[in-house]
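So this block is start-v4.cif, mmCIF, N, CA and C atoms:
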```
data_query
#
loop_
_atom_site.label_atom_id
_atom_site.label_comp_id
_atom_site.auth_asym_id
_atom_site.auth_seq_id
_atom_site.Cartn_x
_atom_site.Cartn_y
_atom_site.Cartn_z
N MET A 1 -63.35 -39.08 3.12
CA MET A 1 -62.51 -37.89 3.01
C MET A 1 -61.72 -37.72 4.30
N LYS A 2 -60.48 -37.36 4.17
CA LYS A 2 -59.59 -37.13 5.30
C LYS A 2 -60.06 -35.89 6.08
N GLU A 3 -60.04 -35.99 7.41
CA GLU A 3 -60.43 -34.85 8.24
C GLU A 3 -59.38 -33.75 8.09
N MET A 4 -59.87 -32.52 7.95
CA MET A 4 -58.97 -31.38 7.77
C MET A 4 -58.92 -30.55 9.04
N ASN A 5 -57.78 -29.94 9.27
CA ASN A 5 -57.63 -29.01 10.39
C ASN A 5 -58.36 -27.72 10.08
N LYS A 6 -58.92 -27.09 11.11
CA LYS A 6 -59.55 -25.78 10.94
C LYS A 6 -58.46 -24.74 10.73
N ILE A 7 -58.69 -23.84 9.80
CA ILE A 7 -57.75 -22.75 9.59
C ILE A 7 -57.87 -21.78 10.77
N PRO A 8 -56.83 -20.98 11.03
CA PRO A 8 -56.84 -20.11 12.22
C PRO A 8 -58.07 -19.20 12.34
N SER A 9 -58.53 -18.63 11.24
CA SER A 9 -59.67 -17.70 11.35
C SER A 9 -60.95 -18.41 11.77
N PHE A 10 -61.08 -19.71 11.50
CA PHE A 10 -62.26 -20.46 11.91
C PHE A 10 -62.15 -20.93 13.36
N GLN A 11 -60.98 -20.79 13.95
CA GLN A 11 -60.78 -21.19 15.34
C GLN A 11 -61.12 -20.07 16.31
N LYS A 12 -61.36 -18.87 15.80
CA LYS A 12 -61.71 -17.74 16.65
C LYS A 12 -63.21 -17.75 16.91
N ASP A 13 -63.60 -17.44 18.12
CA ASP A 13 -65.01 -17.35 18.49
C ASP A 13 -65.57 -16.05 17.90
N HIS A 14 -66.32 -16.17 16.83
CA HIS A 14 -66.82 -14.99 16.14
C HIS A 14 -67.87 -14.24 16.95
N ASP A 15 -68.44 -14.86 17.97
CA ASP A 15 -69.37 -14.16 18.84
C ASP A 15 -68.65 -13.13 19.72
N LYS A 16 -67.33 -13.27 19.83
CA LYS A 16 -66.55 -12.34 20.64
C LYS A 16 -65.82 -11.28 19.82
N LEU A 17 -65.80 -11.42 18.49
CA LEU A 17 -65.12 -10.44 17.64
C LEU A 17 -65.94 -9.15 17.56
N MET A 18 -65.26 -8.05 17.66
CA MET A 18 -65.91 -6.74 17.61
C MET A 18 -65.29 -5.91 16.48
N PRO A 19 -66.04 -4.92 15.99
CA PRO A 19 -65.46 -4.02 14.98
C PRO A 19 -64.19 -3.36 15.51
N GLY A 20 -63.25 -3.17 14.61
CA GLY A 20 -61.99 -2.55 14.98
C GLY A 20 -60.89 -3.00 14.06
N LEU A 21 -59.69 -2.99 14.57
CA LEU A 21 -58.50 -3.43 13.82
C LEU A 21 -57.78 -4.44 14.70
N HIS A 22 -57.64 -5.65 14.21
CA HIS A 22 -57.07 -6.74 14.99
C HIS A 22 -55.95 -7.42 14.21
N GLU A 23 -54.84 -7.66 14.88
CA GLU A 23 -53.77 -8.44 14.27
C GLU A 23 -54.16 -9.91 14.37
N SER A 24 -54.23 -10.58 13.22
CA SER A 24 -54.66 -11.98 13.21
C SER A 24 -53.51 -12.96 13.34
N GLY A 25 -52.31 -12.54 12.97
CA GLY A 25 -51.15 -13.40 13.07
C GLY A 25 -50.17 -13.13 11.96
N THR A 26 -48.99 -13.75 12.11
CA THR A 26 -47.92 -13.59 11.13
C THR A 26 -47.41 -14.96 10.72
N ALA A 27 -47.30 -15.17 9.43
CA ALA A 27 -46.73 -16.40 8.89
C ALA A 27 -45.86 -16.04 7.70
N HIS A 28 -44.66 -16.62 7.65
CA HIS A 28 -43.72 -16.41 6.54
C HIS A 28 -43.41 -14.93 6.34
N GLY A 29 -43.43 -14.16 7.45
CA GLY A 29 -43.12 -12.73 7.38
C GLY A 29 -44.27 -11.84 6.98
N VAL A 30 -45.44 -12.43 6.74
CA VAL A 30 -46.62 -11.66 6.33
C VAL A 30 -47.60 -11.60 7.50
N THR A 31 -47.99 -10.38 7.87
CA THR A 31 -48.96 -10.21 8.96
C THR A 31 -50.34 -9.98 8.35
N THR A 32 -51.32 -10.69 8.89
CA THR A 32 -52.72 -10.53 8.48
C THR A 32 -53.43 -9.66 9.51
N TRP A 33 -54.09 -8.63 9.02
CA TRP A 33 -54.86 -7.70 9.85
C TRP A 33 -56.33 -7.88 9.54
N ASP A 34 -57.13 -7.98 10.58
CA ASP A 34 -58.59 -8.07 10.50
C ASP A 34 -59.10 -6.64 10.57
N VAL A 35 -59.55 -6.12 9.44
CA VAL A 35 -60.10 -4.77 9.35
C VAL A 35 -61.62 -4.95 9.47
N ARG A 36 -62.09 -5.01 10.70
CA ARG A 36 -63.46 -5.45 11.00
C ARG A 36 -64.41 -4.25 11.09
N PHE A 37 -65.32 -4.17 10.13
CA PHE A 37 -66.31 -3.10 10.08
C PHE A 37 -67.52 -3.42 10.96
N LYS A 38 -67.93 -4.69 10.98
CA LYS A 38 -69.21 -5.09 11.58
C LYS A 38 -69.01 -6.22 12.59
N LYS A 39 -69.90 -6.29 13.56
CA LYS A 39 -69.90 -7.40 14.51
C LYS A 39 -70.44 -8.63 13.79
N PRO A 40 -69.71 -9.74 13.82
CA PRO A 40 -70.16 -10.95 13.13
C PRO A 40 -71.52 -11.45 13.64
N ASN A 41 -72.28 -11.98 12.73
CA ASN A 41 -73.56 -12.63 13.02
C ASN A 41 -74.57 -11.73 13.69
N ALA A 42 -74.45 -10.42 13.53
CA ALA A 42 -75.37 -9.48 14.17
C ALA A 42 -76.44 -8.99 13.19
N GLY A 43 -76.42 -9.48 11.96
CA GLY A 43 -77.44 -9.10 10.99
C GLY A 43 -77.14 -7.85 10.19
N ASP A 44 -76.08 -7.17 10.52
CA ASP A 44 -75.68 -5.96 9.81
C ASP A 44 -74.41 -6.27 9.02
N PHE A 45 -74.55 -6.37 7.71
CA PHE A 45 -73.43 -6.72 6.85
C PHE A 45 -73.20 -5.61 5.83
N ILE A 46 -72.01 -5.56 5.27
CA ILE A 46 -71.73 -4.58 4.21
C ILE A 46 -72.42 -5.07 2.94
N ALA A 47 -73.20 -4.22 2.33
CA ALA A 47 -73.88 -4.57 1.08
C ALA A 47 -72.84 -4.93 0.02
N GLN A 48 -73.13 -5.93 -0.77
CA GLN A 48 -72.16 -6.44 -1.75
C GLN A 48 -71.62 -5.35 -2.69
N PRO A 49 -72.46 -4.48 -3.27
CA PRO A 49 -71.90 -3.45 -4.16
C PRO A 49 -70.94 -2.50 -3.44
N ALA A 50 -71.26 -2.13 -2.19
CA ALA A 50 -70.37 -1.25 -1.42
C ALA A 50 -69.08 -1.99 -1.06
N LEU A 51 -69.20 -3.26 -0.68
CA LEU A 51 -68.03 -4.09 -0.36
C LEU A 51 -67.07 -4.15 -1.55
N HIS A 52 -67.63 -4.38 -2.72
CA HIS A 52 -66.84 -4.46 -3.95
C HIS A 52 -66.12 -3.13 -4.21
N SER A 53 -66.85 -2.03 -4.03
CA SER A 53 -66.25 -0.72 -4.27
C SER A 53 -65.16 -0.40 -3.25
N ILE A 54 -65.40 -0.74 -1.97
CA ILE A 54 -64.38 -0.50 -0.95
C ILE A 54 -63.11 -1.28 -1.30
N GLU A 55 -63.28 -2.51 -1.75
CA GLU A 55 -62.12 -3.31 -2.15
C GLU A 55 -61.29 -2.57 -3.20
N HIS A 56 -61.95 -2.09 -4.26
CA HIS A 56 -61.25 -1.37 -5.32
C HIS A 56 -60.60 -0.09 -4.79
N MET A 57 -61.35 0.65 -3.98
CA MET A 57 -60.88 1.94 -3.48
C MET A 57 -59.66 1.79 -2.57
N LEU A 58 -59.78 0.92 -1.58
CA LEU A 58 -58.69 0.78 -0.61
C LEU A 58 -57.48 0.07 -1.22
N ALA A 59 -57.71 -0.93 -2.04
CA ALA A 59 -56.58 -1.61 -2.68
C ALA A 59 -55.77 -0.60 -3.50
N THR A 60 -56.47 0.31 -4.18
CA THR A 60 -55.80 1.32 -4.99
C THR A 60 -55.07 2.35 -4.13
N VAL A 61 -55.76 2.87 -3.12
CA VAL A 61 -55.16 3.88 -2.26
C VAL A 61 -53.95 3.31 -1.53
N LEU A 62 -54.09 2.10 -0.96
CA LEU A 62 -52.98 1.48 -0.23
C LEU A 62 -51.77 1.23 -1.13
N ARG A 63 -52.03 0.81 -2.36
CA ARG A 63 -50.92 0.51 -3.26
C ARG A 63 -50.32 1.75 -3.91
N ASN A 64 -50.90 2.90 -3.59
CA ASN A 64 -50.34 4.17 -4.03
C ASN A 64 -49.81 4.98 -2.85
N SER A 65 -49.84 4.40 -1.66
CA SER A 65 -49.40 5.10 -0.45
C SER A 65 -47.87 5.04 -0.32
N ASN A 66 -47.37 5.75 0.68
CA ASN A 66 -45.93 5.70 0.93
C ASN A 66 -45.50 4.36 1.54
N LYS A 67 -46.45 3.50 1.85
CA LYS A 67 -46.15 2.16 2.37
C LYS A 67 -46.50 1.08 1.34
N LYS A 68 -46.61 1.46 0.09
CA LYS A 68 -47.02 0.51 -0.96
C LYS A 68 -46.16 -0.73 -1.03
N ASP A 69 -44.89 -0.63 -0.72
CA ASP A 69 -44.01 -1.80 -0.77
C ASP A 69 -44.25 -2.76 0.39
N ASN A 70 -45.02 -2.33 1.36
CA ASN A 70 -45.34 -3.16 2.52
C ASN A 70 -46.72 -3.82 2.41
N ILE A 71 -47.43 -3.52 1.34
CA ILE A 71 -48.79 -4.05 1.15
C ILE A 71 -48.72 -5.28 0.26
N ILE A 72 -49.26 -6.38 0.78
CA ILE A 72 -49.33 -7.61 0.01
C ILE A 72 -50.72 -7.77 -0.61
N TYR A 73 -51.75 -7.48 0.20
CA TYR A 73 -53.12 -7.74 -0.26
C TYR A 73 -54.11 -6.97 0.59
N PHE A 74 -55.20 -6.52 -0.01
CA PHE A 74 -56.36 -5.99 0.70
C PHE A 74 -57.58 -6.55 0.01
N GLY A 75 -58.44 -7.23 0.73
CA GLY A 75 -59.62 -7.80 0.11
C GLY A 75 -60.69 -8.15 1.13
N PRO A 76 -61.91 -8.39 0.65
CA PRO A 76 -63.05 -8.58 1.53
C PRO A 76 -63.13 -9.95 2.18
N MET A 77 -63.76 -9.96 3.34
CA MET A 77 -64.12 -11.21 4.00
C MET A 77 -65.40 -11.71 3.34
N GLY A 78 -65.48 -12.99 3.13
CA GLY A 78 -66.68 -13.55 2.50
C GLY A 78 -67.95 -13.31 3.30
N CYS A 79 -67.81 -13.15 4.61
CA CYS A 79 -68.98 -12.93 5.47
C CYS A 79 -69.49 -11.49 5.40
N ARG A 80 -68.77 -10.62 4.70
CA ARG A 80 -69.14 -9.23 4.49
C ARG A 80 -69.16 -8.40 5.77
N THR A 81 -68.26 -8.75 6.72
CA THR A 81 -68.16 -7.97 7.95
C THR A 81 -66.88 -7.12 7.97
N GLY A 82 -66.05 -7.25 6.95
CA GLY A 82 -64.82 -6.48 6.91
C GLY A 82 -63.87 -6.96 5.84
N PHE A 83 -62.60 -6.69 6.05
CA PHE A 83 -61.57 -6.95 5.05
C PHE A 83 -60.33 -7.52 5.72
N TYR A 84 -59.50 -8.15 4.91
CA TYR A 84 -58.18 -8.59 5.35
C TYR A 84 -57.14 -7.71 4.69
N LEU A 85 -56.18 -7.27 5.48
CA LEU A 85 -55.04 -6.53 4.97
C LEU A 85 -53.82 -7.36 5.32
N LEU A 86 -53.01 -7.68 4.31
CA LEU A 86 -51.77 -8.43 4.52
C LEU A 86 -50.60 -7.49 4.27
N THR A 87 -49.71 -7.44 5.27
CA THR A 87 -48.58 -6.52 5.20
C THR A 87 -47.28 -7.21 5.57
N VAL A 88 -46.18 -6.55 5.25
CA VAL A 88 -44.86 -6.96 5.73
C VAL A 88 -44.21 -5.74 6.38
N VAL A 89 -43.46 -6.00 7.43
CA VAL A 89 -42.61 -5.03 8.12
C VAL A 89 -43.37 -3.77 8.58
N LEU A 90 -44.60 -3.95 9.05
CA LEU A 90 -45.34 -2.83 9.63
C LEU A 90 -45.89 -3.27 10.98
N ASP A 91 -45.79 -2.39 11.98
CA ASP A 91 -46.37 -2.72 13.28
C ASP A 91 -47.80 -2.15 13.37
N GLY A 92 -48.45 -2.42 14.46
CA GLY A 92 -49.84 -2.00 14.64
C GLY A 92 -50.05 -0.50 14.52
N ALA A 93 -49.18 0.28 15.11
CA ALA A 93 -49.30 1.74 15.04
C ALA A 93 -49.15 2.23 13.61
N GLN A 94 -48.21 1.64 12.87
CA GLN A 94 -48.02 2.04 11.47
C GLN A 94 -49.23 1.66 10.62
N VAL A 95 -49.78 0.49 10.85
CA VAL A 95 -50.95 0.04 10.09
C VAL A 95 -52.15 0.92 10.40
N LYS A 96 -52.36 1.22 11.66
CA LYS A 96 -53.49 2.09 12.02
C LYS A 96 -53.35 3.45 11.35
N ARG A 97 -52.17 4.06 11.43
CA ARG A 97 -51.92 5.36 10.81
C ARG A 97 -52.16 5.29 9.29
N LEU A 98 -51.65 4.23 8.67
CA LEU A 98 -51.83 4.04 7.23
C LEU A 98 -53.31 3.91 6.88
N LEU A 99 -54.05 3.15 7.67
CA LEU A 99 -55.48 2.97 7.39
C LEU A 99 -56.27 4.26 7.61
N VAL A 100 -55.94 5.02 8.63
CA VAL A 100 -56.61 6.31 8.84
C VAL A 100 -56.39 7.20 7.61
N GLU A 101 -55.16 7.29 7.15
CA GLU A 101 -54.85 8.10 5.96
C GLU A 101 -55.56 7.55 4.72
N SER A 102 -55.57 6.23 4.58
CA SER A 102 -56.12 5.60 3.38
C SER A 102 -57.64 5.69 3.33
N PHE A 103 -58.30 5.50 4.45
CA PHE A 103 -59.77 5.64 4.45
C PHE A 103 -60.16 7.09 4.20
N ALA A 104 -59.42 8.03 4.76
CA ALA A 104 -59.70 9.44 4.50
C ALA A 104 -59.54 9.75 3.01
N ALA A 105 -58.50 9.21 2.40
CA ALA A 105 -58.29 9.44 0.96
C ALA A 105 -59.38 8.76 0.13
N ALA A 106 -59.79 7.56 0.53
CA ALA A 106 -60.83 6.84 -0.22
C ALA A 106 -62.14 7.61 -0.22
N ILE A 107 -62.46 8.24 0.89
CA ILE A 107 -63.71 9.01 1.00
C ILE A 107 -63.71 10.19 0.03
N GLU A 108 -62.54 10.67 -0.33
CA GLU A 108 -62.43 11.81 -1.24
C GLU A 108 -62.47 11.42 -2.72
N LEU A 109 -62.45 10.13 -3.03
CA LEU A 109 -62.46 9.70 -4.43
C LEU A 109 -63.78 10.09 -5.10
N SER A 110 -63.71 10.47 -6.35
CA SER A 110 -64.91 10.86 -7.08
C SER A 110 -65.44 9.72 -7.95
N GLU A 111 -64.68 8.63 -8.02
CA GLU A 111 -65.12 7.44 -8.75
C GLU A 111 -64.42 6.22 -8.18
N VAL A 112 -64.98 5.05 -8.46
CA VAL A 112 -64.37 3.80 -8.01
C VAL A 112 -63.26 3.44 -8.99
N PRO A 113 -62.02 3.33 -8.52
CA PRO A 113 -60.93 2.96 -9.44
C PRO A 113 -61.13 1.55 -10.00
N GLY A 114 -60.79 1.39 -11.26
CA GLY A 114 -60.84 0.07 -11.89
C GLY A 114 -62.24 -0.49 -12.04
N ALA A 115 -63.24 0.37 -12.21
CA ALA A 115 -64.63 -0.10 -12.27
C ALA A 115 -65.22 -0.11 -13.68
N LYS A 116 -64.38 0.09 -14.67
CA LYS A 116 -64.87 0.02 -16.05
C LYS A 116 -64.93 -1.43 -16.51
N LYS A 117 -65.73 -1.69 -17.49
CA LYS A 117 -65.94 -3.06 -17.98
C LYS A 117 -64.63 -3.77 -18.29
N GLU A 118 -63.70 -3.06 -18.92
CA GLU A 118 -62.44 -3.69 -19.32
C GLU A 118 -61.49 -3.88 -18.13
N GLU A 119 -61.83 -3.31 -16.98
CA GLU A 119 -60.97 -3.37 -15.80
C GLU A 119 -61.47 -4.29 -14.68
N CYS A 120 -62.74 -4.66 -14.72
CA CYS A 120 -63.37 -5.34 -13.59
C CYS A 120 -64.26 -6.48 -14.08
N GLY A 121 -64.19 -7.59 -13.39
CA GLY A 121 -64.97 -8.76 -13.77
C GLY A 121 -66.44 -8.69 -13.41
N ASN A 122 -66.85 -7.68 -12.63
CA ASN A 122 -68.25 -7.49 -12.28
C ASN A 122 -68.50 -5.99 -12.16
N TYR A 123 -68.25 -5.28 -13.25
CA TYR A 123 -68.24 -3.82 -13.24
C TYR A 123 -69.59 -3.18 -12.95
N THR A 124 -70.69 -3.93 -13.10
CA THR A 124 -72.01 -3.34 -12.85
C THR A 124 -72.38 -3.33 -11.36
N GLU A 125 -71.58 -3.99 -10.54
CA GLU A 125 -71.93 -4.09 -9.11
C GLU A 125 -70.98 -3.25 -8.26
N HIS A 126 -71.17 -1.95 -8.32
CA HIS A 126 -70.41 -1.01 -7.50
C HIS A 126 -71.37 0.01 -6.90
N ASP A 127 -70.99 0.57 -5.75
CA ASP A 127 -71.78 1.59 -5.08
C ASP A 127 -70.83 2.56 -4.38
N LEU A 128 -70.46 3.62 -5.08
CA LEU A 128 -69.52 4.59 -4.54
C LEU A 128 -70.05 5.27 -3.29
N SER A 129 -71.30 5.73 -3.31
CA SER A 129 -71.83 6.44 -2.15
C SER A 129 -71.97 5.49 -0.95
N GLY A 130 -72.41 4.26 -1.18
CA GLY A 130 -72.50 3.29 -0.09
C GLY A 130 -71.12 2.96 0.46
N ALA A 131 -70.14 2.86 -0.41
CA ALA A 131 -68.77 2.58 0.01
C ALA A 131 -68.23 3.73 0.86
N LYS A 132 -68.47 4.96 0.41
CA LYS A 132 -67.99 6.12 1.17
C LYS A 132 -68.65 6.18 2.55
N GLU A 133 -69.92 5.85 2.61
CA GLU A 133 -70.63 5.85 3.89
C GLU A 133 -70.02 4.82 4.85
N GLU A 134 -69.76 3.61 4.35
CA GLU A 134 -69.14 2.57 5.19
C GLU A 134 -67.73 2.96 5.59
N CYS A 135 -66.98 3.55 4.68
CA CYS A 135 -65.60 3.99 4.98
C CYS A 135 -65.61 5.09 6.04
N ALA A 136 -66.55 6.01 5.95
CA ALA A 136 -66.63 7.10 6.94
C ALA A 136 -66.93 6.55 8.33
N LYS A 137 -67.83 5.58 8.41
CA LYS A 137 -68.14 4.96 9.71
C LYS A 137 -66.92 4.25 10.27
N TYR A 138 -66.20 3.52 9.41
CA TYR A 138 -65.03 2.78 9.89
C TYR A 138 -63.91 3.75 10.29
N LEU A 139 -63.72 4.81 9.52
CA LEU A 139 -62.70 5.81 9.85
C LEU A 139 -62.99 6.42 11.23
N LYS A 140 -64.24 6.73 11.50
CA LYS A 140 -64.61 7.28 12.80
C LYS A 140 -64.26 6.28 13.91
N LEU A 141 -64.53 5.00 13.69
CA LEU A 141 -64.18 3.96 14.66
C LEU A 141 -62.66 3.88 14.84
N LEU A 142 -61.94 3.84 13.72
CA LEU A 142 -60.47 3.75 13.77
C LEU A 142 -59.86 4.87 14.59
N GLU A 143 -60.40 6.06 14.44
CA GLU A 143 -59.86 7.22 15.13
C GLU A 143 -60.06 7.14 16.64
N THR A 144 -60.95 6.25 17.11
CA THR A 144 -61.17 6.09 18.55
C THR A 144 -60.30 5.00 19.15
N LEU A 145 -59.64 4.21 18.31
CA LEU A 145 -58.85 3.09 18.81
C LEU A 145 -57.48 3.53 19.29
#
```

Transcribe the structure of this file into structure tokens.
Amino acid sequence: MKEMNKIPSFQKDHDKLMPGLHESGTAHGVTTWDVRFKKPNAGDFIAQPALHSIEHMLATVLRNSNKKDNIIYFGPMGCRTGFYLLTVVLDGAQVKRLLVESFAAAIELSEVPGAKKEECGNYTEHDLSGAKEECAKYLKLLETL
């Protein structure tokens, strides 16, 4: 098998990554943001049902925000330490402001959007209260940055 180059996210020293909001880079006009909830490899990960619910909640809130045309994607990291947000034409201050507003709105949701059987490929694995708890912790962190 031909040797493959490491992708940019695998070239970062994960022992040095900390929770917060980090710009990962821009390619083809799309900026990737590391929405880091947890310190990598520290044993504290987002539980899968909460991770799944946060994905649904934030993807919905972001795509209904006043910056919806700037949102390309929001989804979880496989390591369960956070999420990736892909945007166009937004700077760090705008993304932070948008995330503060979006996490606050997500915490107010009374149900997980798109969590019915006909809407979700794994509808039985959601945790609204766990998702809200993780979102509240991250919002508190975001507000200190």

- [ ] Using the chain letters and numbers from the file, give me the residues hit by the PyMOL selection byres (((chain A and resi 35 and name CA) around 10) and name CA), as a list of chain:residue names.
- [x] A:Pro19, A:Gly20, A:Leu21, A:His22, A:Glu23, A:Ser24, A:Thr32, A:Trp33, A:Asp34, A:Arg36, A:Phe37, A:Lys38, A:Phe74, A:Gly75, A:Pro76, A:Met77, A:Thr81, A:Gly82, A:Phe83, A:Tyr84, A:Leu85, A:Lys96, A:Leu99, A:Tyr138, A:Leu142

TODO: Return as a PyMOL selection string the full set of residues in segment 59-115 of chain A whose backbone-based DSSP assignment is helix (DSSP H, G or I).
DONE: chain A and resi 59-62+68-70+92-107

Open item on the list: Restricting the calculation to only N, CA and C atoms: of A:Lys39, A:Lys12, A:Lys6, A:His52, which residue gets closest to Ala131 of chain A?
Closed with: A:His52

TODO: Taking the chain letters and numbering used in this document, name the residues of segment 23-140 of chain A that DSSP puts in strand (DSSP E), as a ChimeraX atom specification.
DONE: /A:23-27,30-36,71-76,82-87

Task: Distance criterion (all atoms listed in the file): nearest to Glu143 of chain A out of A:Ile7, A:Met57, A:Val100, A:Lys2 - done: A:Val100

- [ ] Determine, counting only C-alpha atoms, which protein, DNA and RNA residues have an atom within 9 Å of an atom of Gly114 of chain A; residues of the same chain fewer than 2 positions away are not included. Present the result as number ranges by chain.
- [x] A: 56-57, 60, 112, 116-120, 123

TODO: Just give me the residues with any atom within 12 Å of (-51.7, 3.3, -3.2), file coordinates, counting only C-alpha atoms, written as a ChimeraX atom specification.
DONE: /A:56-74,98-99,101-103,105-106,113

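Take atom CA of Ile54 of chain A and atom CA of Asn122 of chain A: the distance between them is 13.9 Å.
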
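Here atom CA of Cys135 of chain A is placed at a distance of 23.1 Å from atom CA of Asp15 of chain A.
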
Task: Computed interatomic separation between atom CA of Gly121 of chain A and atom CA of Leu109 of chain A (Å) - done: 20.8 Å

Just say which residues the PyMOL selection byres ((chain A and resi 125) around 7) picks in this file, as a tab-separated table (two decimals) with N, CA and C atoms, in the coordinates of the input.
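out_2.tsv, freshly written:
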```
chain	number	residue	atom	x	y	z
A	48	GLN	N	-73.13	-5.93	-0.77
A	48	GLN	CA	-72.16	-6.44	-1.75
A	48	GLN	C	-71.62	-5.35	-2.69
A	49	PRO	N	-72.46	-4.48	-3.27
A	49	PRO	CA	-71.90	-3.45	-4.16
A	49	PRO	C	-70.94	-2.50	-3.44
A	50	ALA	N	-71.26	-2.13	-2.19
A	50	ALA	CA	-70.37	-1.25	-1.42
A	50	ALA	C	-69.08	-1.99	-1.06
A	52	HIS	N	-67.63	-4.38	-2.72
A	52	HIS	CA	-66.84	-4.46	-3.95
A	52	HIS	C	-66.12	-3.13	-4.21
A	53	SER	N	-66.85	-2.03	-4.03
A	53	SER	CA	-66.25	-0.72	-4.27
A	53	SER	C	-65.16	-0.40	-3.25
A	122	ASN	N	-66.85	-7.68	-12.63
A	122	ASN	CA	-68.25	-7.49	-12.28
A	122	ASN	C	-68.50	-5.99	-12.16
A	123	TYR	N	-68.25	-5.28	-13.25
A	123	TYR	CA	-68.24	-3.82	-13.24
A	123	TYR	C	-69.59	-3.18	-12.95
A	124	THR	N	-70.69	-3.93	-13.10
A	124	THR	CA	-72.01	-3.34	-12.85
A	124	THR	C	-72.38	-3.33	-11.36
A	126	HIS	N	-71.17	-1.95	-8.32
A	126	HIS	CA	-70.41	-1.01	-7.50
A	126	HIS	C	-71.37	0.01	-6.90
A	127	ASP	N	-70.99	0.57	-5.75
A	127	ASP	CA	-71.78	1.59	-5.08
A	127	ASP	C	-70.83	2.56	-4.38
```

Open item on the list: Calculated over all atoms listed in the file, which of the candidates A:Val95, A:Val30, A:Met18, A:Cys79 has the smallest distance to Ile46 of chain A?
Closed with: A:Cys79

- [ ] Give me the result of the PyMOL selection byres ((chain A and resi 89) around 6) on this file, residue by residue, as a PyMOL selection string.
- [x] chain A and resi 29+70+87-88+90-91

Since fewer atoms than expected are present, regenerate N, CA, C and O atoms for segment 85-96 of chain A and write them as a PDB file, in the frame of the given file.
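Written out: selection-v4.pdb:
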```
ATOM      1  N   LEU A  85     -56.180  -7.270   5.480  1.00  0.00           N
ATOM      2  CA  LEU A  85     -55.040  -6.530   4.970  1.00  0.00           C
ATOM      3  C   LEU A  85     -53.820  -7.360   5.320  1.00  0.00           C
ATOM      4  O   LEU A  85     -53.618  -7.706   6.487  1.00  0.00           O
ATOM      5  N   LEU A  86     -53.010  -7.680   4.310  1.00  0.00           N
ATOM      6  CA  LEU A  86     -51.770  -8.430   4.520  1.00  0.00           C
ATOM      7  C   LEU A  86     -50.600  -7.490   4.270  1.00  0.00           C
ATOM      8  O   LEU A  86     -50.549  -6.832   3.222  1.00  0.00           O
ATOM      9  N   THR A  87     -49.710  -7.440   5.270  1.00  0.00           N
ATOM     10  CA  THR A  87     -48.580  -6.520   5.200  1.00  0.00           C
ATOM     11  C   THR A  87     -47.280  -7.210   5.570  1.00  0.00           C
ATOM     12  O   THR A  87     -47.282  -8.288   6.157  1.00  0.00           O
ATOM     13  N   VAL A  88     -46.180  -6.550   5.250  1.00  0.00           N
ATOM     14  CA  VAL A  88     -44.860  -6.960   5.730  1.00  0.00           C
ATOM     15  C   VAL A  88     -44.210  -5.740   6.380  1.00  0.00           C
ATOM     16  O   VAL A  88     -44.400  -4.610   5.954  1.00  0.00           O
ATOM     17  N   VAL A  89     -43.460  -6.000   7.430  1.00  0.00           N
ATOM     18  CA  VAL A  89     -42.610  -5.030   8.120  1.00  0.00           C
ATOM     19  C   VAL A  89     -43.370  -3.770   8.580  1.00  0.00           C
ATOM     20  O   VAL A  89     -42.852  -2.665   8.495  1.00  0.00           O
ATOM     21  N   LEU A  90     -44.600  -3.950   9.050  1.00  0.00           N
ATOM     22  CA  LEU A  90     -45.340  -2.830   9.630  1.00  0.00           C
ATOM     23  C   LEU A  90     -45.890  -3.270  10.980  1.00  0.00           C
ATOM     24  O   LEU A  90     -46.423  -4.379  11.101  1.00  0.00           O
ATOM     25  N   ASP A  91     -45.790  -2.390  11.980  1.00  0.00           N
ATOM     26  CA  ASP A  91     -46.370  -2.720  13.280  1.00  0.00           C
ATOM     27  C   ASP A  91     -47.800  -2.150  13.370  1.00  0.00           C
ATOM     28  O   ASP A  91     -48.270  -1.475  12.453  1.00  0.00           O
ATOM     29  N   GLY A  92     -48.450  -2.420  14.460  1.00  0.00           N
ATOM     30  CA  GLY A  92     -49.840  -2.000  14.640  1.00  0.00           C
ATOM     31  C   GLY A  92     -50.050  -0.500  14.520  1.00  0.00           C
ATOM     32  O   GLY A  92     -51.018  -0.051  13.890  1.00  0.00           O
ATOM     33  N   ALA A  93     -49.180   0.280  15.110  1.00  0.00           N
ATOM     34  CA  ALA A  93     -49.300   1.740  15.040  1.00  0.00           C
ATOM     35  C   ALA A  93     -49.150   2.230  13.610  1.00  0.00           C
ATOM     36  O   ALA A  93     -49.890   3.117  13.165  1.00  0.00           O
ATOM     37  N   GLN A  94     -48.210   1.640  12.870  1.00  0.00           N
ATOM     38  CA  GLN A  94     -48.020   2.040  11.470  1.00  0.00           C
ATOM     39  C   GLN A  94     -49.230   1.660  10.620  1.00  0.00           C
ATOM     40  O   GLN A  94     -49.651   2.441   9.759  1.00  0.00           O
ATOM     41  N   VAL A  95     -49.780   0.490  10.850  1.00  0.00           N
ATOM     42  CA  VAL A  95     -50.950   0.040  10.090  1.00  0.00           C
ATOM     43  C   VAL A  95     -52.150   0.920  10.400  1.00  0.00           C
ATOM     44  O   VAL A  95     -52.867   1.344   9.487  1.00  0.00           O
ATOM     45  N   LYS A  96     -52.360   1.220  11.660  1.00  0.00           N
ATOM     46  CA  LYS A  96     -53.490   2.090  12.020  1.00  0.00           C
ATOM     47  C   LYS A  96     -53.350   3.450  11.350  1.00  0.00           C
ATOM     48  O   LYS A  96     -54.299   3.965  10.754  1.00  0.00           O
TER      49      LYS A  96
END
```
